[in-house]
Amino acid sequence: MVPSPLAGEGEGGGEVELFSMFRRHPPPDPLPSREGDKTFAWTLFLERMTCMEQLLFRHNRPGRCVTFAEYRSDGGFAALEKALSGMSPSDVQQVVIDSNLRGRGGAGFPTGKKWSFVPRDIPGPRYLICNCDEMEPGTYKDRVLLEANPYSLVEGMTLAAYAIGVAHAFIFIRRGYEEAAENCRRAIAEAKATGLLGENILGSGFSLELDVHQSAGRYICGEETALMNALEGRRANPRSKPPFPAVKGLWGRPTVVNNVETLANIPAIVAGGAAWFKGLARIPEAAGTKLFCVSGHVKNAACFELPLGMTLGEIIDGPCGGMLPGREFKACIPGGASTPFFTKAHWNVPMDFDTVAKAGSRLGTGGIVVFDRNTCMVAATLNLVSFYARESCGWCTPCREGLPFVQDVLARIEAGEGREEHIGILREHVQYLNYAFCPLAPGAMGPVEGLLRLFEDEIREHIVLGRCPLGGK
Amino acid sequence: MLSEELRKELRTRVAHAVTNREAAVDVMKELQRHYGWLTDEAVAEAAELLGLTPLQVEELATFYEMIYRRPVGRRVIHVCDSISCWALGGESLMAHLARQLGIEPGGTTADGMFTLLPCCCLGNCGDAPTLMIGDTLYGLVTPEKADEIVGKEGTAAQ
């Protein structure tokens, strides 16, 4: 365990006896309530009871957004000062590569590596985009993060822009995240007014313009090439890859697209170093913490910052306080709507990118949706597929035609009109939809694949009984 | 008709953009705020401001969930129907609102006050079920709480 170099860390130290701590100090009940500032209550609890370092939530204040002055006096922008006074852009990129930070938006691509794909030798502008088009059902971590603290993002984007050589960056925010957008605009103005953003930052000669773009609501905008079309004011159909955005992206220029949480990690990595960051995870192959946003039939459905590598069961029984009274765990979505289900058999899977992939799903966004024993998995899958069918941009045939077809088959099975051959049809479509133009349709088939692999008996029960065995829910 | 003031404001926004059409979503949203929905007149005005054809504006307008190309009530109730809300009673919340307002999802009340629409994930999954009216997000919405919200929003919009 590398000692924490960050200021203001309480007791600190100690690889967290997190789970025995939970047993010795059971989570407070009824605190935190289902209303009020759940995230803050839990951040405090986790820090106090487990000495667990909070990196993204460490500046949080109860029930409100941290102020610029508070963030500054907590050591905020120290990483930017450190980088601009003594580190070259490639030093900053190297520390991010060494930290093993992987993208928090769903795909888990190594962040430093993504940055390294941007060609440095061609003249003209290049761009950095923060992807805050958080519309994956079950995912709300970026909203919680930005409503509590927009400054880590602004500082992280400035560091990233410095590393990549970007002079103009954008924060692309989904519709409905008004408070998050307002916080970002305020943080940008405050940083500009104090020389931390804009022209000649901290007298270093490095300048960055940062703009907020608020979208009008469409899931596909979160796909990075569709996002660039949306930002340019074009219909947000995805673009073909290659050329990859790092070479030809926004307005045809080299572009990096990173998730909010990914970028908000950068200041702490630059300040604390790669070894410290890696040490925050609970298993050696993982690095850092992760925002897990939990919903569904658990007692405390909130967004928690936890070390990567905690097991699914530890997350549900620990910070989530277990299931709602009288409910029994049946399954969950481990990382947002496109990830195949986990069941009780996956209870001890460490929640990290590779470990979850090895267990047949994806860590995705960290959005965990928990279902109890009375949930019909056919109906749940139907709900998920309906979302994707509606959000398809219509550009390619497998997605435009395939998803409504799969939706219809699932609806028939759920309504008791299913036939044995439907199982084979669903299985074929898990394959066919891989021929789609972008990852939306294959993502939509994630839960269908999980349904077929884990709940084939439940599908068949619908067909044999000629009705939903759980009464539709 | 747009006021000179709003037109000037929108021209400034377009001038700040890297290319004109980058401002398209902002311009459509502002015009929608002005007219209540994106009228044919608004599409033509947006096209003029952005240097696009009305058809080019149309292909953007029809793409987005929050741009209304048909008249809507003074308050649009967006009820989340994605997975977390579904698991915690989103369907019965929608049914309750439809019954209380006397309209089907997609419809507008006779007095032009409310339009009821299903929508995808609002990013408030920890407080499901959720709905949004204007820019206000409501979580943990029970049928009783829904009635209260509708009453309050209705009074505010009078």
# chains A, B, ... in the order shown; residues from 1 in each chain; ligands from 1

call {"tool": "interface_residues", "arguments": {"of": "chain A", "to": "chain B", "cutoff": "7 Å", "atoms": "only C-alpha atoms", "output": "compact mmCIF listing (two decimals) with N, CA and C atoms, in the first residue's frame"}}
result
# COMPACT_ATOMS: atom_id res chain seq x y z
N MET A 135 -26.74 8.31 -20.74
CA MET A 135 -28.14 7.90 -20.94
C MET A 135 -28.33 6.40 -20.89
N PRO A 137 -29.46 3.28 -19.39
CA PRO A 137 -30.35 3.04 -18.25
C PRO A 137 -29.63 2.37 -17.08
N GLY A 138 -29.91 2.85 -15.89
CA GLY A 138 -29.27 2.33 -14.69
C GLY A 138 -28.00 3.08 -14.33
N THR A 139 -27.66 4.12 -15.09
CA THR A 139 -26.40 4.83 -14.88
C THR A 139 -26.67 6.29 -14.53
N TYR A 140 -26.14 6.72 -13.39
CA TYR A 140 -26.35 8.13 -13.00
C TYR A 140 -25.15 8.70 -12.26
N GLY A 176 -31.55 17.28 -19.63
CA GLY A 176 -32.05 16.94 -18.30
C GLY A 176 -31.04 17.11 -17.19
N GLU A 178 -29.51 19.68 -15.99
CA GLU A 178 -29.39 21.13 -15.94
C GLU A 178 -28.44 21.59 -14.84
N SER A 215 -27.10 18.79 -24.97
CA SER A 215 -27.80 18.06 -26.02
C SER A 215 -29.31 18.14 -25.80
N ALA A 216 -30.06 17.50 -26.69
CA ALA A 216 -31.52 17.55 -26.59
C ALA A 216 -32.11 16.16 -26.44
N GLY A 217 -31.26 15.17 -26.07
CA GLY A 217 -31.80 13.88 -25.69
C GLY A 217 -31.85 12.83 -26.78
N ARG A 218 -30.82 12.02 -26.84
CA ARG A 218 -30.82 10.85 -27.72
C ARG A 218 -29.64 9.98 -27.30
N LEU A 231 -22.29 17.21 -31.89
CA LEU A 231 -21.62 18.45 -31.50
C LEU A 231 -21.44 19.39 -32.69
N GLU A 232 -21.21 18.81 -33.86
CA GLU A 232 -21.07 19.63 -35.07
C GLU A 232 -22.41 20.15 -35.57
N GLY A 233 -23.51 19.70 -34.95
CA GLY A 233 -24.83 20.13 -35.39
C GLY A 233 -25.35 19.30 -36.55
N ARG A 234 -24.84 18.08 -36.69
CA ARG A 234 -25.35 17.16 -37.71
C ARG A 234 -26.22 16.11 -37.05
N ARG A 235 -27.03 15.43 -37.84
CA ARG A 235 -27.83 14.34 -37.31
C ARG A 235 -26.87 13.30 -36.73
N VAL A 294 -26.08 2.29 -7.93
CA VAL A 294 -26.91 1.12 -7.76
C VAL A 294 -28.38 1.53 -7.75
N SER A 295 -29.21 0.70 -8.35
CA SER A 295 -30.65 0.95 -8.33
C SER A 295 -31.37 -0.39 -8.29
N GLY A 296 -32.69 -0.34 -8.22
CA GLY A 296 -33.48 -1.56 -8.15
C GLY A 296 -33.83 -1.92 -6.71
N ALA A 301 -30.18 2.54 -2.44
CA ALA A 301 -29.85 2.68 -3.86
C ALA A 301 -29.18 4.03 -4.04
N ALA A 302 -27.86 4.03 -4.09
CA ALA A 302 -27.13 5.30 -4.21
C ALA A 302 -25.87 5.08 -5.03
N VAL A 369 -28.12 -2.69 -11.59
CA VAL A 369 -29.57 -2.70 -11.37
C VAL A 369 -29.95 -4.07 -10.80
N ASN A 383 -38.05 -4.98 -21.54
CA ASN A 383 -37.93 -3.55 -21.24
C ASN A 383 -36.62 -2.99 -21.80
N LEU A 384 -35.52 -3.74 -21.59
CA LEU A 384 -34.20 -3.28 -22.05
C LEU A 384 -34.15 -3.19 -23.57
N PHE A 387 -36.06 -0.27 -25.01
CA PHE A 387 -35.28 0.97 -24.93
C PHE A 387 -34.38 1.12 -26.16

call {"tool": "residues_around", "arguments": {"residues": "A:Met87", "least_positions_apart": "5", "cutoff": "12 Å", "atoms": "only C-alpha atoms", "output": "PyMOL selection string"}}
result
chain A and resi 79-82+92-95+159+162-163+204+270-271

call {"tool": "write_last_selection", "arguments": {"atoms": "N, CA and C atoms", "output": "PDB file, in the first residue's frame"}}
result
ATOM      1  N   ALA A  79      -2.694  19.841  -8.646  1.00  0.00           N
ATOM      2  CA  ALA A  79      -2.154  18.967  -9.683  1.00  0.00           C
ATOM      3  C   ALA A  79      -1.856  19.763 -10.950  1.00  0.00           C
ATOM      4  N   LEU A  80      -2.740  20.712 -11.260  1.00  0.00           N
ATOM      5  CA  LEU A  80      -2.516  21.543 -12.450  1.00  0.00           C
ATOM      6  C   LEU A  80      -1.276  22.422 -12.254  1.00  0.00           C
ATOM      7  N   GLU A  81      -1.156  22.984 -11.046  1.00  0.00           N
ATOM      8  CA  GLU A  81       0.029  23.796 -10.743  1.00  0.00           C
ATOM      9  C   GLU A  81       1.294  22.954 -10.871  1.00  0.00           C
ATOM     10  N   LYS A  82       1.235  21.751 -10.332  1.00  0.00           N
ATOM     11  CA  LYS A  82       2.390  20.841 -10.389  1.00  0.00           C
ATOM     12  C   LYS A  82       2.756  20.528 -11.844  1.00  0.00           C
ATOM     13  N   VAL A  92       2.868  14.059 -18.287  1.00  0.00           N
ATOM     14  CA  VAL A  92       1.488  13.909 -17.807  1.00  0.00           C
ATOM     15  C   VAL A  92       0.865  12.667 -18.446  1.00  0.00           C
ATOM     16  N   GLN A  93       1.081  12.528 -19.753  1.00  0.00           N
ATOM     17  CA  GLN A  93       0.533  11.352 -20.432  1.00  0.00           C
ATOM     18  C   GLN A  93       1.134  10.067 -19.848  1.00  0.00           C
ATOM     19  N   GLN A  94       2.422  10.106 -19.552  1.00  0.00           N
ATOM     20  CA  GLN A  94       3.079   8.897 -19.055  1.00  0.00           C
ATOM     21  C   GLN A  94       2.522   8.472 -17.695  1.00  0.00           C
ATOM     22  N   VAL A  95       2.273   9.435 -16.822  1.00  0.00           N
ATOM     23  CA  VAL A  95       1.763   9.064 -15.493  1.00  0.00           C
ATOM     24  C   VAL A  95       0.369   8.448 -15.623  1.00  0.00           C
ATOM     25  N   LEU A 159      -5.699  19.316 -17.572  1.00  0.00           N
ATOM     26  CA  LEU A 159      -4.508  18.456 -17.578  1.00  0.00           C
ATOM     27  C   LEU A 159      -4.468  17.588 -18.834  1.00  0.00           C
ATOM     28  N   TYR A 162      -3.581  19.649 -21.822  1.00  0.00           N
ATOM     29  CA  TYR A 162      -2.141  19.950 -21.791  1.00  0.00           C
ATOM     30  C   TYR A 162      -1.348  18.749 -22.317  1.00  0.00           C
ATOM     31  N   ALA A 163      -1.739  17.551 -21.869  1.00  0.00           N
ATOM     32  CA  ALA A 163      -1.005  16.345 -22.281  1.00  0.00           C
ATOM     33  C   ALA A 163      -1.131  16.091 -23.781  1.00  0.00           C
ATOM     34  N   SER A 204       1.967  29.856 -17.833  1.00  0.00           N
ATOM     35  CA  SER A 204       2.772  28.788 -18.444  1.00  0.00           C
ATOM     36  C   SER A 204       2.875  28.905 -19.959  1.00  0.00           C
ATOM     37  N   VAL A 270      -2.277  12.702 -11.213  1.00  0.00           N
ATOM     38  CA  VAL A 270      -1.101  13.566 -11.390  1.00  0.00           C
ATOM     39  C   VAL A 270      -0.537  13.955 -10.024  1.00  0.00           C
ATOM     40  N   ALA A 271      -1.412  14.242  -9.062  1.00  0.00           N
ATOM     41  CA  ALA A 271      -0.946  14.647  -7.736  1.00  0.00           C
ATOM     42  C   ALA A 271      -0.370  13.461  -6.962  1.00  0.00           C
TER      43      ALA A 271
END

call {"tool": "select_by_dssp", "arguments": {"residues": "stretch 195-380 of chain A", "states": "helix (DSSP H, G or I)", "output": "PyMOL selection string"}}
result
chain A and resi 201-203+219-222+224-231+250-252+260-272+274-279+312-317+344-346+353-358+377-380

call {"tool": "select_by_dssp", "arguments": {"residues": "stretch 278-380 of chain A", "states": "strand (DSSP E or B)", "output": "JSON, numbers by chain"}}
result
{"A": [289, 290, 291, 292, 293, 294, 295, 296, 298, 303, 304, 305, 306, 307, 311, 323, 329, 330, 331, 332, 333, 342, 343, 350, 367, 368, 369, 370, 371, 372]}

call {"tool": "atom_distance", "arguments": {"atom1": "atom CA of A:Asn258", "atom2": "atom CA of A:Asp142"}}
result
12.2 Å

call {"tool": "residues_around", "arguments": {"residues": "stretch 442-445 of chain A", "least_positions_apart": "2", "cutoff": "7 Å", "atoms": "only C-alpha atoms", "output": "number ranges by chain"}}
result
A: 338, 385, 388, 430, 433-434, 439-440, 447-449

call {"tool": "write_last_selection", "arguments": {"atoms": "N, CA and C atoms", "output": "mmCIF file, in the first residue's frame"}}
result
data_model
loop_
_atom_site.group_PDB
_atom_site.id
_atom_site.type_symbol
_atom_site.label_atom_id
_atom_site.label_comp_id
_atom_site.auth_asym_id
_atom_site.auth_seq_id
_atom_site.Cartn_x
_atom_site.Cartn_y
_atom_site.Cartn_z
ATOM 1 N N SER A 338 -26.680 -2.506 -21.201
ATOM 2 C CA SER A 338 -26.217 -3.373 -22.292
ATOM 3 C C SER A 338 -25.396 -4.563 -21.798
ATOM 4 N N VAL A 385 -34.660 -4.224 -24.249
ATOM 5 C CA VAL A 385 -34.618 -4.240 -25.713
ATOM 6 C C VAL A 385 -35.523 -3.139 -26.277
ATOM 7 N N TYR A 388 -33.634 0.046 -26.459
ATOM 8 C CA TYR A 388 -32.692 0.120 -27.582
ATOM 9 C C TYR A 388 -33.413 0.237 -28.927
ATOM 10 N N VAL A 430 -28.869 -12.852 -31.616
ATOM 11 C CA VAL A 430 -27.703 -12.415 -30.852
ATOM 12 C C VAL A 430 -26.498 -12.344 -31.789
ATOM 13 N N LEU A 433 -27.193 -9.486 -34.994
ATOM 14 C CA LEU A 433 -27.126 -8.051 -34.698
ATOM 15 C C LEU A 433 -25.702 -7.540 -34.522
ATOM 16 N N ASN A 434 -24.751 -8.492 -34.518
ATOM 17 C CA ASN A 434 -23.350 -8.059 -34.556
ATOM 18 C C ASN A 434 -22.984 -7.425 -35.887
ATOM 19 N N PRO A 439 -21.923 -0.081 -32.106
ATOM 20 C CA PRO A 439 -22.122 -1.022 -30.983
ATOM 21 C C PRO A 439 -23.514 -0.996 -30.342
ATOM 22 N N LEU A 440 -24.457 -0.149 -30.809
ATOM 23 C CA LEU A 440 -25.746 -0.072 -30.130
ATOM 24 C C LEU A 440 -26.489 -1.410 -30.168
ATOM 25 N N PRO A 447 -28.179 -8.234 -22.866
ATOM 26 C CA PRO A 447 -29.142 -8.863 -21.953
ATOM 27 C C PRO A 447 -29.874 -10.061 -22.562
ATOM 28 N N VAL A 448 -30.100 -10.048 -23.884
ATOM 29 C CA VAL A 448 -30.766 -11.190 -24.528
ATOM 30 C C VAL A 448 -29.862 -12.423 -24.451
ATOM 31 N N GLU A 449 -28.568 -12.194 -24.702
ATOM 32 C CA GLU A 449 -27.603 -13.293 -24.600
ATOM 33 C C GLU A 449 -27.603 -13.835 -23.169
#

call {"tool": "atom_distance", "arguments": {"atom1": "atom CA of A:Arg61", "atom2": "atom CA of A:Leu291"}}
result
16.9 Å

call {"tool": "residues_around", "arguments": {"residues": "A:Leu196", "least_positions_apart": "4", "cutoff": "9 Å", "atoms": "only C-alpha atoms", "output": "PDB file with C-alpha atoms, in the first residue's frame"}}
result
ATOM      1  CA  PHE A  77      -5.850  22.646  -8.794  1.00  0.00           C
ATOM      2  CA  LEU A  80      -2.516  21.543 -12.450  1.00  0.00           C
ATOM      3  CA  GLU A  81       0.029  23.796 -10.743  1.00  0.00           C
ATOM      4  CA  GLU A 155      -9.000  20.503 -13.708  1.00  0.00           C
ATOM      5  CA  THR A 158      -7.151  21.057 -18.444  1.00  0.00           C
ATOM      6  CA  GLU A 190     -14.375  30.712 -11.796  1.00  0.00           C
ATOM      7  CA  ALA A 191     -11.322  28.915 -13.153  1.00  0.00           C
ATOM      8  CA  LYS A 192     -11.011  31.494 -15.919  1.00  0.00           C
ATOM      9  CA  ASN A 200      -1.868  31.601 -20.666  1.00  0.00           C
ATOM     10  CA  ILE A 201      -2.850  29.392 -17.737  1.00  0.00           C
ATOM     11  CA  LEU A 202      -0.794  30.159 -14.597  1.00  0.00           C
TER      12      LEU A 202
END

call {"tool": "atom_distance", "arguments": {"atom1": "atom CA of A:Glu414", "atom2": "atom CA of A:Gly466"}}
result
8.8 Å

call {"tool": "residues_around", "arguments": {"residues": "stretch 120-127 of chain A", "least_positions_apart": "2", "cutoff": "6 Å", "atoms": "only C-alpha atoms", "output": "PyMOL selection string"}}
result
chain A and resi 166+168-169+253-255

call {"tool": "residues_around", "arguments": {"residues": "B:Gly73", "least_positions_apart": "6", "cutoff": "9 Å", "atoms": "only C-alpha atoms", "output": "VMD selection string"}}
result
chain B and resid 36 108 to 109 111 to 116

call {"tool": "residues_around", "arguments": {"residues": "A:Ile423", "least_positions_apart": "6", "cutoff": "10 Å", "atoms": "only C-alpha atoms", "output": "PDB file with C-alpha atoms, in the first residue's frame"}}
result
ATOM      1  CA  VAL A 409     -40.538 -11.988 -30.135  1.00  0.00           C
ATOM      2  CA  LEU A 410     -39.886 -11.209 -26.465  1.00  0.00           C
ATOM      3  CA  ILE A 413     -43.160 -14.898 -25.139  1.00  0.00           C
ATOM      4  CA  LEU A 452     -30.673 -17.244 -23.084  1.00  0.00           C
ATOM      5  CA  GLU A 456     -33.527 -20.480 -20.672  1.00  0.00           C
ATOM      6  CA  ILE A 459     -38.231 -18.559 -21.104  1.00  0.00           C
ATOM      7  CA  ARG A 460     -39.400 -22.133 -21.668  1.00  0.00           C
ATOM      8  CA  ILE A 463     -43.868 -21.046 -23.544  1.00  0.00           C
TER       9      ILE A 463
END

call {"tool": "decode", "arguments": {"residues": "stretch 54-88 of chain A", "atoms": "N, CA and C atoms", "output": "compact mmCIF listing (two decimals), in the first residue's frame"}}
result
# COMPACT_ATOMS: atom_id res chain seq x y z
N GLN A 54 -11.38 8.16 -0.64
CA GLN A 54 -12.32 8.61 -1.64
C GLN A 54 -11.56 9.60 -2.51
N LEU A 55 -11.50 9.30 -3.77
CA LEU A 55 -10.71 10.14 -4.66
C LEU A 55 -11.63 11.12 -5.39
N LEU A 56 -12.71 10.61 -5.96
CA LEU A 56 -13.62 11.45 -6.72
C LEU A 56 -14.58 12.21 -5.83
N PHE A 57 -14.91 11.62 -4.68
CA PHE A 57 -15.89 12.24 -3.78
C PHE A 57 -15.23 12.94 -2.59
N ARG A 58 -13.89 13.02 -2.59
CA ARG A 58 -13.25 13.53 -1.39
C ARG A 58 -13.51 15.01 -1.12
N HIS A 59 -13.93 15.74 -2.14
CA HIS A 59 -14.21 17.15 -1.92
C HIS A 59 -15.69 17.41 -1.62
N ASN A 60 -16.50 16.35 -1.60
CA ASN A 60 -17.95 16.55 -1.50
C ASN A 60 -18.39 17.19 -0.19
N ARG A 61 -19.46 17.94 -0.28
CA ARG A 61 -20.08 18.57 0.89
C ARG A 61 -21.51 18.06 0.99
N PRO A 62 -22.05 18.02 2.21
CA PRO A 62 -23.39 17.44 2.35
C PRO A 62 -24.47 18.26 1.66
N GLY A 63 -25.21 17.62 0.77
CA GLY A 63 -26.41 18.23 0.21
C GLY A 63 -26.20 19.39 -0.73
N ARG A 64 -24.97 19.68 -1.11
CA ARG A 64 -24.76 20.81 -2.03
C ARG A 64 -23.46 20.59 -2.79
N CYS A 65 -23.24 21.48 -3.74
CA CYS A 65 -22.01 21.43 -4.53
C CYS A 65 -20.88 22.10 -3.76
N VAL A 66 -19.70 21.55 -3.82
CA VAL A 66 -18.53 22.18 -3.20
C VAL A 66 -18.28 23.52 -3.89
N THR A 67 -17.80 24.52 -3.15
CA THR A 67 -17.53 25.81 -3.79
C THR A 67 -16.10 25.84 -4.33
N PHE A 68 -15.85 26.81 -5.20
CA PHE A 68 -14.51 26.96 -5.77
C PHE A 68 -13.48 27.17 -4.67
N ALA A 69 -13.80 28.05 -3.69
CA ALA A 69 -12.85 28.33 -2.60
C ALA A 69 -12.57 27.07 -1.78
N GLU A 70 -13.61 26.30 -1.52
CA GLU A 70 -13.42 25.06 -0.75
C GLU A 70 -12.55 24.06 -1.52
N TYR A 71 -12.83 23.95 -2.81
CA TYR A 71 -12.06 23.01 -3.62
C TYR A 71 -10.59 23.42 -3.65
N ARG A 72 -10.35 24.73 -3.78
CA ARG A 72 -8.98 25.25 -3.79
C ARG A 72 -8.29 24.94 -2.47
N SER A 73 -8.99 25.21 -1.35
CA SER A 73 -8.32 25.03 -0.06
C SER A 73 -8.19 23.55 0.31
N ASP A 74 -8.97 22.68 -0.33
CA ASP A 74 -8.80 21.23 -0.16
C ASP A 74 -7.63 20.69 -0.98
N GLY A 75 -6.92 21.56 -1.65
CA GLY A 75 -5.82 21.09 -2.50
C GLY A 75 -6.19 20.96 -3.96
N GLY A 76 -7.37 21.47 -4.33
CA GLY A 76 -7.78 21.43 -5.73
C GLY A 76 -6.91 22.34 -6.58
N PHE A 77 -6.68 21.95 -7.80
CA PHE A 77 -5.85 22.65 -8.79
C PHE A 77 -4.36 22.57 -8.47
N ALA A 78 -3.99 21.87 -7.36
CA ALA A 78 -2.56 21.68 -7.07
C ALA A 78 -1.92 20.81 -8.14
N ALA A 79 -2.69 19.84 -8.65
CA ALA A 79 -2.15 18.97 -9.68
C ALA A 79 -1.86 19.76 -10.95
N LEU A 80 -2.74 20.71 -11.26
CA LEU A 80 -2.52 21.54 -12.45
C LEU A 80 -1.28 22.42 -12.25
N GLU A 81 -1.16 22.98 -11.05
CA GLU A 81 0.03 23.80 -10.74
C GLU A 81 1.29 22.95 -10.87
N LYS A 82 1.24 21.75 -10.33
CA LYS A 82 2.39 20.84 -10.39
C LYS A 82 2.76 20.53 -11.84
N ALA A 83 1.74 20.21 -12.64
CA ALA A 83 2.01 19.81 -14.03
C ALA A 83 2.57 20.97 -14.84
N LEU A 84 1.96 22.15 -14.70
CA LEU A 84 2.37 23.27 -15.54
C LEU A 84 3.71 23.85 -15.10
N SER A 85 4.12 23.58 -13.87
CA SER A 85 5.39 24.17 -13.43
C SER A 85 6.56 23.21 -13.59
N GLY A 86 6.28 21.91 -13.69
CA GLY A 86 7.44 21.03 -13.75
C GLY A 86 7.31 19.78 -14.59
N MET A 87 6.18 19.61 -15.28
CA MET A 87 6.01 18.39 -16.07
C MET A 87 5.78 18.74 -17.53
N SER A 88 6.35 17.96 -18.42
CA SER A 88 6.08 18.16 -19.84
C SER A 88 4.76 17.47 -20.17
